$ cat upload_22.txt   # compact mmCIF, C-alpha atoms
# COMPACT_ATOMS: atom_id res chain seq x y z
CA MET A 1 -237.40 -86.85 -39.93
CA LYS A 2 -237.23 -87.72 -36.24
CA GLN A 3 -233.73 -89.16 -36.72
CA ARG A 4 -232.55 -85.93 -38.35
CA LEU A 5 -233.96 -83.84 -35.51
CA ALA A 6 -232.27 -86.10 -32.95
CA LEU A 7 -228.95 -85.83 -34.80
CA LEU A 8 -229.27 -82.03 -34.99
CA LEU A 9 -230.04 -81.83 -31.27
CA LEU A 10 -226.99 -84.00 -30.50
CA LEU A 11 -224.75 -81.73 -32.58
CA LEU A 12 -226.11 -78.66 -30.80
CA LEU A 13 -225.35 -80.24 -27.42
CA MET A 14 -221.81 -81.04 -28.50
CA ILE A 15 -221.01 -77.47 -29.59
CA PRO A 16 -220.31 -76.12 -26.04
CA LEU A 17 -218.05 -79.08 -25.33
CA ALA A 18 -216.04 -78.42 -28.47
CA SER A 19 -215.43 -74.79 -27.38
CA ALA A 20 -214.06 -75.66 -23.96
CA ALA A 21 -210.48 -76.15 -22.84
CA THR A 22 -209.44 -78.70 -20.24
CA LEU A 23 -207.97 -77.57 -16.92
CA LYS A 24 -206.37 -80.40 -14.98
CA GLY A 25 -203.66 -81.11 -12.47
CA SER A 26 -202.52 -83.00 -9.40
CA ILE A 27 -202.96 -82.06 -5.75
CA TYR A 28 -200.13 -82.54 -3.25
CA ASP A 29 -200.08 -82.36 0.54
CA GLU A 30 -197.37 -80.82 2.72
CA LYS A 31 -195.27 -84.00 2.38
CA LEU A 32 -195.46 -83.70 -1.42
CA ASP A 33 -197.57 -86.85 -1.63
CA LEU A 34 -200.76 -86.95 -3.68
CA ALA A 35 -203.56 -85.67 -1.46
CA LYS A 36 -206.71 -87.75 -1.26
CA ASP A 37 -210.36 -86.74 -0.82
CA VAL A 38 -209.85 -83.07 -1.73
CA LEU A 39 -212.88 -80.98 -2.73
CA VAL A 40 -212.02 -78.87 -5.81
CA GLU A 41 -214.34 -76.04 -6.83
CA ILE A 42 -214.28 -73.52 -9.68
CA ASN A 43 -216.63 -70.54 -9.98
CA THR A 44 -218.17 -71.26 -13.35
CA VAL A 45 -221.88 -70.66 -13.93
CA PRO A 46 -223.15 -72.95 -12.61
CA GLN A 47 -220.34 -73.69 -10.16
CA GLN A 48 -218.45 -76.95 -10.73
CA LYS A 49 -217.35 -79.15 -7.84
CA TYR A 50 -215.21 -82.26 -7.97
CA LEU A 51 -214.07 -84.60 -5.20
CA ALA A 52 -210.51 -85.61 -6.06
CA LYS A 53 -210.28 -88.98 -4.35
CA THR A 54 -206.94 -89.95 -5.86
CA GLY A 55 -205.22 -86.56 -5.98
CA SER A 56 -206.09 -85.35 -9.49
CA TYR A 57 -208.84 -83.17 -10.97
CA SER A 58 -210.12 -82.03 -14.36
CA PHE A 59 -212.57 -79.36 -15.56
CA ASP A 60 -213.82 -78.33 -19.02
CA LEU A 61 -213.83 -74.51 -19.23
CA PRO A 62 -214.63 -71.90 -21.88
CA PRO A 63 -212.27 -68.90 -22.16
CA GLY A 64 -212.42 -66.59 -19.15
CA LYS A 65 -211.06 -65.86 -15.69
CA TYR A 66 -211.86 -68.18 -12.79
CA ILE A 67 -211.09 -68.85 -9.15
CA LEU A 68 -209.99 -72.41 -8.40
CA THR A 69 -210.29 -73.61 -4.81
CA ALA A 70 -209.06 -76.86 -3.24
CA LYS A 71 -210.17 -77.79 0.29
CA GLY A 72 -208.33 -80.53 2.19
CA ASN A 73 -208.54 -81.73 5.77
CA GLN A 74 -206.19 -79.04 7.10
CA TYR A 75 -205.55 -76.43 4.43
CA THR A 76 -207.40 -74.55 1.70
CA VAL A 77 -205.64 -73.14 -1.35
CA THR A 78 -207.05 -70.67 -3.88
CA GLU A 79 -205.59 -69.91 -7.31
CA ASN A 80 -206.58 -67.50 -10.08
CA VAL A 81 -206.96 -69.18 -13.47
CA GLU A 82 -207.23 -67.54 -16.88
CA VAL A 83 -208.22 -69.62 -19.89
CA LEU A 84 -207.16 -67.78 -23.05
CA SER A 85 -208.13 -70.32 -25.67
CA ALA A 86 -211.01 -72.74 -26.08
CA ALA A 87 -208.63 -75.43 -27.32
CA GLY A 88 -205.92 -77.43 -25.62
CA GLU A 89 -205.10 -78.31 -22.04
CA TYR A 90 -204.01 -76.21 -19.06
CA VAL A 91 -202.09 -77.90 -16.26
CA MET A 92 -202.06 -76.41 -12.76
CA ASP A 93 -200.83 -78.49 -9.84
CA LEU A 94 -202.09 -77.48 -6.40
CA PHE A 95 -200.18 -77.66 -3.12
CA LEU A 96 -202.10 -77.89 0.15
CA LEU A 97 -199.56 -76.00 2.25
CA PRO A 98 -199.85 -73.51 5.11
CA ASP A 99 -200.21 -69.85 4.17
CA PHE A 100 -197.51 -67.24 4.70
CA ALA A 101 -198.09 -67.03 8.45
CA GLU A 102 -195.04 -69.19 9.14
CA GLU A 103 -192.89 -67.21 6.68
CA ASP A 104 -193.97 -63.99 8.39
CA GLU A 105 -193.10 -65.47 11.76
CA LEU A 106 -189.65 -66.54 10.56
CA TRP A 107 -189.08 -63.14 9.03
CA GLN A 108 -190.19 -61.23 12.11
CA GLU A 109 -187.74 -63.23 14.22
CA THR A 110 -184.95 -61.62 12.18
CA GLN A 111 -186.43 -58.13 12.53
CA GLN A 112 -186.67 -57.84 16.31
CA GLU A 113 -187.06 -54.30 17.59
CA LEU A 114 -184.90 -52.85 20.33
CA PRO A 115 -187.00 -52.05 23.44
CA LEU A 116 -187.11 -48.38 24.39
CA GLU A 117 -186.70 -46.93 27.87
CA THR A 118 -189.84 -45.11 29.01
CA GLU A 119 -188.96 -44.06 32.52
CA GLU A 120 -187.28 -40.68 32.99
CA THR A 121 -184.66 -42.00 35.39
CA PRO A 122 -180.89 -41.75 35.04
CA ILE A 123 -179.59 -44.59 32.91
CA PRO A 124 -176.37 -46.20 34.10
CA LEU A 125 -173.42 -46.22 31.73
CA TRP A 126 -173.37 -50.01 31.59
CA SER A 127 -176.97 -49.96 30.28
CA TRP A 128 -175.88 -47.75 27.39
CA ILE A 129 -173.02 -50.10 26.63
CA VAL A 130 -175.28 -53.18 26.68
CA ALA A 131 -177.89 -51.38 24.57
CA GLY A 132 -175.19 -50.36 22.10
CA ILE A 133 -173.98 -53.95 21.78
CA ILE A 134 -177.53 -55.28 21.31
CA PHE A 135 -178.26 -52.57 18.76
CA ALA A 136 -175.08 -53.36 16.84
CA VAL A 137 -175.90 -57.09 16.82
CA LEU A 138 -179.48 -56.49 15.66
CA LEU A 139 -178.36 -53.99 13.04
CA GLY A 140 -175.79 -56.45 11.72
CA ARG A 141 -178.41 -59.20 11.66
CA ILE A 142 -180.89 -57.01 9.79
CA ILE A 143 -178.25 -55.95 7.25
CA TYR A 144 -177.22 -59.58 6.77
CA THR A 145 -180.83 -60.68 6.36
CA ARG A 146 -181.63 -57.90 3.91
CA LYS A 147 -178.50 -58.68 1.90
CA LYS A 148 -179.22 -62.40 1.83
CA TYR A 149 -182.99 -62.42 1.28
CA GLY A 150 -183.83 -58.93 0.03
CA SER A 151 -186.95 -57.09 1.16
CA LEU A 152 -189.93 -58.81 2.77
CA TRP A 153 -191.95 -58.17 -0.40
CA ALA A 154 -189.29 -59.82 -2.58
CA PHE A 155 -188.92 -62.70 -0.12
CA ARG A 156 -192.66 -63.46 -0.11
CA LYS A 157 -192.81 -63.14 -3.90
CA ARG A 158 -190.03 -65.73 -4.24
CA ILE A 159 -191.75 -68.11 -1.81
CA LYS A 160 -195.02 -67.75 -3.72
CA GLN A 161 -193.27 -68.46 -7.02
CA GLU A 162 -191.70 -71.58 -5.54
CA SER A 163 -195.05 -72.77 -4.17
CA HIS A 164 -196.41 -72.86 -7.73
CA LYS A 165 -193.68 -75.19 -8.94
CA THR A 166 -194.47 -78.84 -9.45
CA VAL A 167 -192.69 -81.67 -7.66
CA GLU A 168 -190.79 -82.48 -10.86
CA GLN A 169 -189.56 -78.89 -11.11
CA HIS A 170 -188.31 -78.99 -7.51
CA LYS A 171 -186.55 -82.28 -8.20
CA GLU A 172 -184.93 -80.90 -11.35
CA GLU A 173 -183.64 -77.86 -9.44
CA LEU A 174 -182.23 -80.03 -6.66
CA ALA A 175 -180.56 -82.25 -9.27
CA LYS A 176 -178.93 -79.17 -10.84
CA GLU A 177 -177.99 -77.71 -7.45
CA PRO A 178 -176.84 -80.61 -5.22
CA GLY A 179 -175.30 -78.01 -2.94
CA TYR A 180 -178.71 -77.62 -1.25
CA LEU A 181 -178.30 -81.08 0.30
CA ASP A 182 -174.77 -80.24 1.47
CA GLN A 183 -175.99 -76.98 2.99
CA ALA A 184 -178.70 -78.81 4.92
CA LEU A 185 -176.15 -81.34 6.23
CA GLU A 186 -173.81 -78.54 7.34
CA ILE A 187 -176.65 -76.85 9.21
CA ILE A 188 -177.52 -80.11 10.99
CA LYS A 189 -173.85 -80.64 11.89
CA LYS A 190 -173.69 -77.09 13.25
CA HIS A 191 -176.51 -78.04 15.64
CA ASP A 192 -174.58 -81.03 16.98
CA GLY A 193 -176.23 -83.42 14.54
CA ARG A 194 -179.77 -82.86 15.81
CA ILE A 195 -182.29 -80.25 14.67
CA ASN A 196 -186.05 -79.97 14.27
CA GLN A 197 -187.38 -79.41 10.77
CA LYS A 198 -188.84 -76.00 11.58
CA GLU A 199 -185.42 -74.79 12.72
CA LEU A 200 -183.91 -76.11 9.48
CA ARG A 201 -186.56 -74.13 7.57
CA LYS A 202 -185.52 -71.04 9.50
CA GLU A 203 -181.89 -71.62 8.56
CA MET A 204 -182.87 -72.16 4.89
CA MET A 205 -185.51 -69.43 4.82
CA TYR A 206 -184.67 -68.55 1.22
CA LEU A 207 -186.24 -71.85 0.08
CA SER A 208 -189.91 -72.77 0.07
CA GLU A 209 -191.37 -75.22 2.57
CA ALA A 210 -192.01 -77.72 -0.23
CA LYS A 211 -188.37 -77.65 -1.35
CA VAL A 212 -187.05 -78.04 2.21
CA SER A 213 -189.39 -80.99 2.73
CA LEU A 214 -188.06 -82.52 -0.48
CA ILE A 215 -184.46 -81.96 0.70
CA VAL A 216 -185.23 -83.75 3.98
CA THR A 217 -186.88 -86.61 2.09
CA GLU A 218 -183.84 -86.93 -0.19
CA LEU A 219 -181.40 -86.92 2.76
CA GLU A 220 -183.50 -89.55 4.48
CA HIS A 221 -183.57 -91.65 1.28
CA LYS A 222 -179.75 -91.42 0.99
CA GLY A 223 -179.39 -92.57 4.59
CA LYS A 224 -177.80 -89.30 5.70
CA VAL A 225 -180.38 -88.41 8.34
CA GLU A 226 -183.12 -90.04 10.35
CA LYS A 227 -186.48 -88.26 10.70
CA VAL A 228 -188.26 -88.81 14.01
CA LYS A 229 -191.81 -87.60 14.63
CA LYS A 230 -192.03 -85.44 17.77
CA GLY A 231 -195.29 -83.72 18.62
CA ARG A 232 -196.51 -81.76 15.60
CA GLY A 233 -193.08 -81.59 13.98
CA ASN A 234 -190.10 -83.70 12.99
CA VAL A 235 -186.64 -83.99 14.51
CA LEU A 236 -183.77 -84.66 12.10
CA ILE A 237 -180.85 -86.70 13.44
CA LEU A 238 -177.58 -86.96 11.53
CA LYS A 239 -176.53 -90.54 10.94
CA PRO A 240 -172.88 -91.53 11.52

$ encode --input "upload_22.txt" --output "structure tokens"
Amino acid sequence: MKQRLALLLLLLLMIPLASAATLKGSIYDEKLDLAKDVLVEINTVPQQKYLAKTGSYSFDLPPGKYILTAKGNQYTVTENVEVLSAAGEYVMDLFLLPDFAEEDELWQETQQELPLETEETPIPLWSWIVAGIIFAVLLGRIIYTRKKYGSLWAFRKRIKQESHKTVEQHKEELAKEPGYLDQALEIIKKHDGRINQKELRKEMMYLSEAKVSLIVTELEHKGKVEKVKKGRGNVLILKP
């Protein structure tokens, strides 16, 4: 009798596990390497926490909507997760990257406003001519930027979509579009063979930070450029 009760209790304990799906994935840092010692949390009841020492995590979840948070040394990333079925596995890779502050900064640099005159003093003719030239240049730059990247909302949406892609997906896209590497080389050549990585990101603003980092890594692997650490950033030098 006791054995039957113990078996029944064991089966009852296993029922919740059988009705849970598995959410798992890898965690990458800004260099697209596996991040170590990342605290991963998900707002189940009770809340689950997992210290991903080797860059991977796994949770068993019943159907529902959750908030998944990964906290690294420098960055914190939050993702919304919806588990539709109690069976199977869900894979979501996480990227510990800066938020959109840098993208906003790059965008704002292309949307500079023309200063307005506030003093009620006669304005020389040459000032009007200079202002007209500056206005024409800025207008042309804004039109070019809008035509190339679309609206700020569309630009940020594209960057967010790219940030959700896995490293393998980025590599597959670069393999299908080798022109990205050629574009990066042309930009470096245009800057006399020397450019910092942030400036390259500005020139290739239509790509995500992860993809640009992968392009730089690939160019370095092919021996096309040399990456030198300088301060908080990198300087890329074209090899002969």

$ residues_around --input "upload_22.txt" --residues "range 35-37 of chain A" --least-positions-apart "2" --cutoff "9 Å" --atoms "all atoms listed in the file" --output "PDB file with C-alpha atoms, keeping the file's coordinate frame"
ATOM      1  CA  SER A  26    -202.520 -83.000  -9.400  1.00  0.00           C
ATOM      2  CA  ILE A  27    -202.960 -82.060  -5.750  1.00  0.00           C
ATOM      3  CA  TYR A  28    -200.130 -82.540  -3.250  1.00  0.00           C
ATOM      4  CA  ASP A  29    -200.080 -82.360   0.540  1.00  0.00           C
ATOM      5  CA  GLU A  30    -197.370 -80.820   2.720  1.00  0.00           C
ATOM      6  CA  LEU A  32    -195.460 -83.700  -1.420  1.00  0.00           C
ATOM      7  CA  ASP A  33    -197.570 -86.850  -1.630  1.00  0.00           C
ATOM      8  CA  LEU A  39    -212.880 -80.980  -2.730  1.00  0.00           C
ATOM      9  CA  LEU A  51    -214.070 -84.600  -5.200  1.00  0.00           C
ATOM     10  CA  ALA A  52    -210.510 -85.610  -6.060  1.00  0.00           C
ATOM     11  CA  LYS A  53    -210.280 -88.980  -4.350  1.00  0.00           C
ATOM     12  CA  THR A  54    -206.940 -89.950  -5.860  1.00  0.00           C
ATOM     13  CA  GLY A  55    -205.220 -86.560  -5.980  1.00  0.00           C
ATOM     14  CA  SER A  56    -206.090 -85.350  -9.490  1.00  0.00           C
ATOM     15  CA  GLY A  72    -208.330 -80.530   2.190  1.00  0.00           C
ATOM     16  CA  ASN A  73    -208.540 -81.730   5.770  1.00  0.00           C
ATOM     17  CA  PHE A  95    -200.180 -77.660  -3.120  1.00  0.00           C
ATOM     18  CA  LEU A  96    -202.100 -77.890   0.150  1.00  0.00           C
TER      19      LEU A  96
END

$ residues_near_point --input "upload_22.txt" --point "(-177.6, -80.8, 12.5)" --cutoff "12 Å" --atoms "only C-alpha atoms" --output "ChimeraX atom specification"
/A:182-197,199-200,203,216,224-227,235-240

$ closest_residue --input "upload_22.txt" --among "A:Pro62, A:Val40, A:Thr22, A:Pro46" --to "Thr78 in chain A" --atoms "all atoms listed in the file"
A:Val40

$ closest_residue --input "upload_22.txt" --among "A:Gly64, A:Pro178, A:Gly25, A:Gly140" --to "Tyr90 in chain A" --atoms "only C-alpha atoms"
A:Gly25

$ residues_around --input "upload_22.txt" --residues "Tyr180 in chain A" --least-positions-apart "6" --cutoff "10 Å" --atoms "all atoms listed in the file" --output "ChimeraX atom specification"
/A:173-174,186,204,207,211-212,215

$ write_last_selection --input "upload_22.txt" --atoms "C-alpha atoms" --output "tab-separated table (two decimals), in the coordinates of the input"
chain	number	residue	atom	x	y	z
A	173	GLU	CA	-183.64	-77.86	-9.44
A	174	LEU	CA	-182.23	-80.03	-6.66
A	186	GLU	CA	-173.81	-78.54	7.34
A	204	MET	CA	-182.87	-72.16	4.89
A	207	LEU	CA	-186.24	-71.85	0.08
A	211	LYS	CA	-188.37	-77.65	-1.35
A	212	VAL	CA	-187.05	-78.04	2.21
A	215	ILE	CA	-184.46	-81.96	0.70

$ atom_distance --input "upload_22.txt" --atom1 "CA of Tyr57 in chain A" --atom2 "CA of Glu172 in chain A"
24.0 Å

$ atom_distance --input "upload_22.txt" --atom1 "CA of Asn234 in chain A" --atom2 "CA of Thr69 in chain A"
28.7 Å

$ atom_distance --input "upload_22.txt" --atom1 "CA of His221 in chain A" --atom2 "CA of His170 in chain A"
16.1 Å

$ residues_around --input "upload_22.txt" --residues "Leu61 in chain A" --least-positions-apart "5" --cutoff "10 Å" --atoms "all atoms listed in the file" --output "VMD selection string"
chain A and resid 16 to 17 19 to 23 42 44 48 66 82 to 83 85 to 87 89 to 90

$ write_last_selection --input "upload_22.txt" --atoms "C-alpha atoms" --output "PDB file, in the frame of the given file"
ATOM      1  CA  PRO A  16    -220.310 -76.120 -26.040  1.00  0.00           C
ATOM      2  CA  LEU A  17    -218.050 -79.080 -25.330  1.00  0.00           C
ATOM      3  CA  SER A  19    -215.430 -74.790 -27.380  1.00  0.00           C
ATOM      4  CA  ALA A  20    -214.060 -75.660 -23.960  1.00  0.00           C
ATOM      5  CA  ALA A  21    -210.480 -76.150 -22.840  1.00  0.00           C
ATOM      6  CA  THR A  22    -209.440 -78.700 -20.240  1.00  0.00           C
ATOM      7  CA  LEU A  23    -207.970 -77.570 -16.920  1.00  0.00           C
ATOM      8  CA  ILE A  42    -214.280 -73.520  -9.680  1.00  0.00           C
ATOM      9  CA  THR A  44    -218.170 -71.260 -13.350  1.00  0.00           C
ATOM     10  CA  GLN A  48    -218.450 -76.950 -10.730  1.00  0.00           C
ATOM     11  CA  TYR A  66    -211.860 -68.180 -12.790  1.00  0.00           C
ATOM     12  CA  GLU A  82    -207.230 -67.540 -16.880  1.00  0.00           C
ATOM     13  CA  VAL A  83    -208.220 -69.620 -19.890  1.00  0.00           C
ATOM     14  CA  SER A  85    -208.130 -70.320 -25.670  1.00  0.00           C
ATOM     15  CA  ALA A  86    -211.010 -72.740 -26.080  1.00  0.00           C
ATOM     16  CA  ALA A  87    -208.630 -75.430 -27.320  1.00  0.00           C
ATOM     17  CA  GLU A  89    -205.100 -78.310 -22.040  1.00  0.00           C
ATOM     18  CA  TYR A  90    -204.010 -76.210 -19.060  1.00  0.00           C
TER      19      TYR A  90
END

$ closest_residue --input "upload_22.txt" --among "A:Lys171, A:Lys31, A:Arg232, A:Lys24" --to "Val81 in chain A" --atoms "all atoms listed in the file"
A:Lys24

$ axis_aligned_box --input "upload_22.txt" --around "range 34-48 of chain A" --padding-each-side "6 Å" --output "AutoDock Vina command-line options"
--center_x -212.0 --center_y -79.1 --center_z -7.4 --size_x 34.4 --size_y 29.2 --size_z 25.1

$ closest_residue --input "upload_22.txt" --among "A:Val167, A:Ala210, A:Leu125, A:Ala175" --to "Met92 in chain A" --atoms "all atoms listed in the file"
A:Val167

$ build_atoms --input "upload_22.txt" --residues "range 202-219 of chain A" --atoms "N, CA and C atoms" --output "compact mmCIF listing (two decimals), in the coordinates of the input"
# COMPACT_ATOMS: atom_id res chain seq x y z
N LYS A 202 -185.95 -72.39 9.13
CA LYS A 202 -185.52 -71.04 9.50
C LYS A 202 -184.13 -70.76 8.98
N GLU A 203 -183.26 -71.77 9.05
CA GLU A 203 -181.89 -71.62 8.56
C GLU A 203 -181.85 -71.52 7.03
N MET A 204 -182.82 -72.17 6.36
CA MET A 204 -182.87 -72.16 4.89
C MET A 204 -184.10 -71.38 4.44
N MET A 205 -184.30 -70.21 5.02
CA MET A 205 -185.51 -69.43 4.82
C MET A 205 -185.69 -68.99 3.37
N TYR A 206 -184.60 -68.99 2.60
CA TYR A 206 -184.67 -68.55 1.22
C TYR A 206 -185.32 -69.59 0.32
N LEU A 207 -185.59 -70.80 0.85
CA LEU A 207 -186.24 -71.85 0.08
C LEU A 207 -187.67 -72.04 0.57
N SER A 208 -188.52 -72.53 -0.30
CA SER A 208 -189.91 -72.77 0.07
C SER A 208 -190.02 -73.99 0.98
N GLU A 209 -191.14 -74.09 1.68
CA GLU A 209 -191.37 -75.22 2.57
C GLU A 209 -191.38 -76.53 1.80
N ALA A 210 -191.96 -76.50 0.58
CA ALA A 210 -192.01 -77.72 -0.23
C ALA A 210 -190.61 -78.20 -0.59
N LYS A 211 -189.72 -77.25 -0.94
CA LYS A 211 -188.37 -77.65 -1.35
C LYS A 211 -187.58 -78.18 -0.15
N VAL A 212 -187.74 -77.55 1.02
CA VAL A 212 -187.05 -78.04 2.21
C VAL A 212 -187.54 -79.43 2.58
N SER A 213 -188.85 -79.66 2.46
CA SER A 213 -189.39 -80.99 2.73
C SER A 213 -188.81 -82.02 1.77
N LEU A 214 -188.63 -81.62 0.51
CA LEU A 214 -188.06 -82.52 -0.48
C LEU A 214 -186.59 -82.79 -0.18
N ILE A 215 -185.87 -81.78 0.31
CA ILE A 215 -184.46 -81.96 0.70
C ILE A 215 -184.36 -82.97 1.85
N VAL A 216 -185.24 -82.82 2.83
CA VAL A 216 -185.23 -83.75 3.98
C VAL A 216 -185.55 -85.16 3.51
N THR A 217 -186.53 -85.29 2.62
CA THR A 217 -186.88 -86.61 2.09
C THR A 217 -185.70 -87.24 1.36
N GLU A 218 -184.99 -86.42 0.57
CA GLU A 218 -183.84 -86.93 -0.19
C GLU A 218 -182.70 -87.35 0.75
N LEU A 219 -182.44 -86.56 1.79
CA LEU A 219 -181.40 -86.92 2.76
C LEU A 219 -181.76 -88.20 3.50
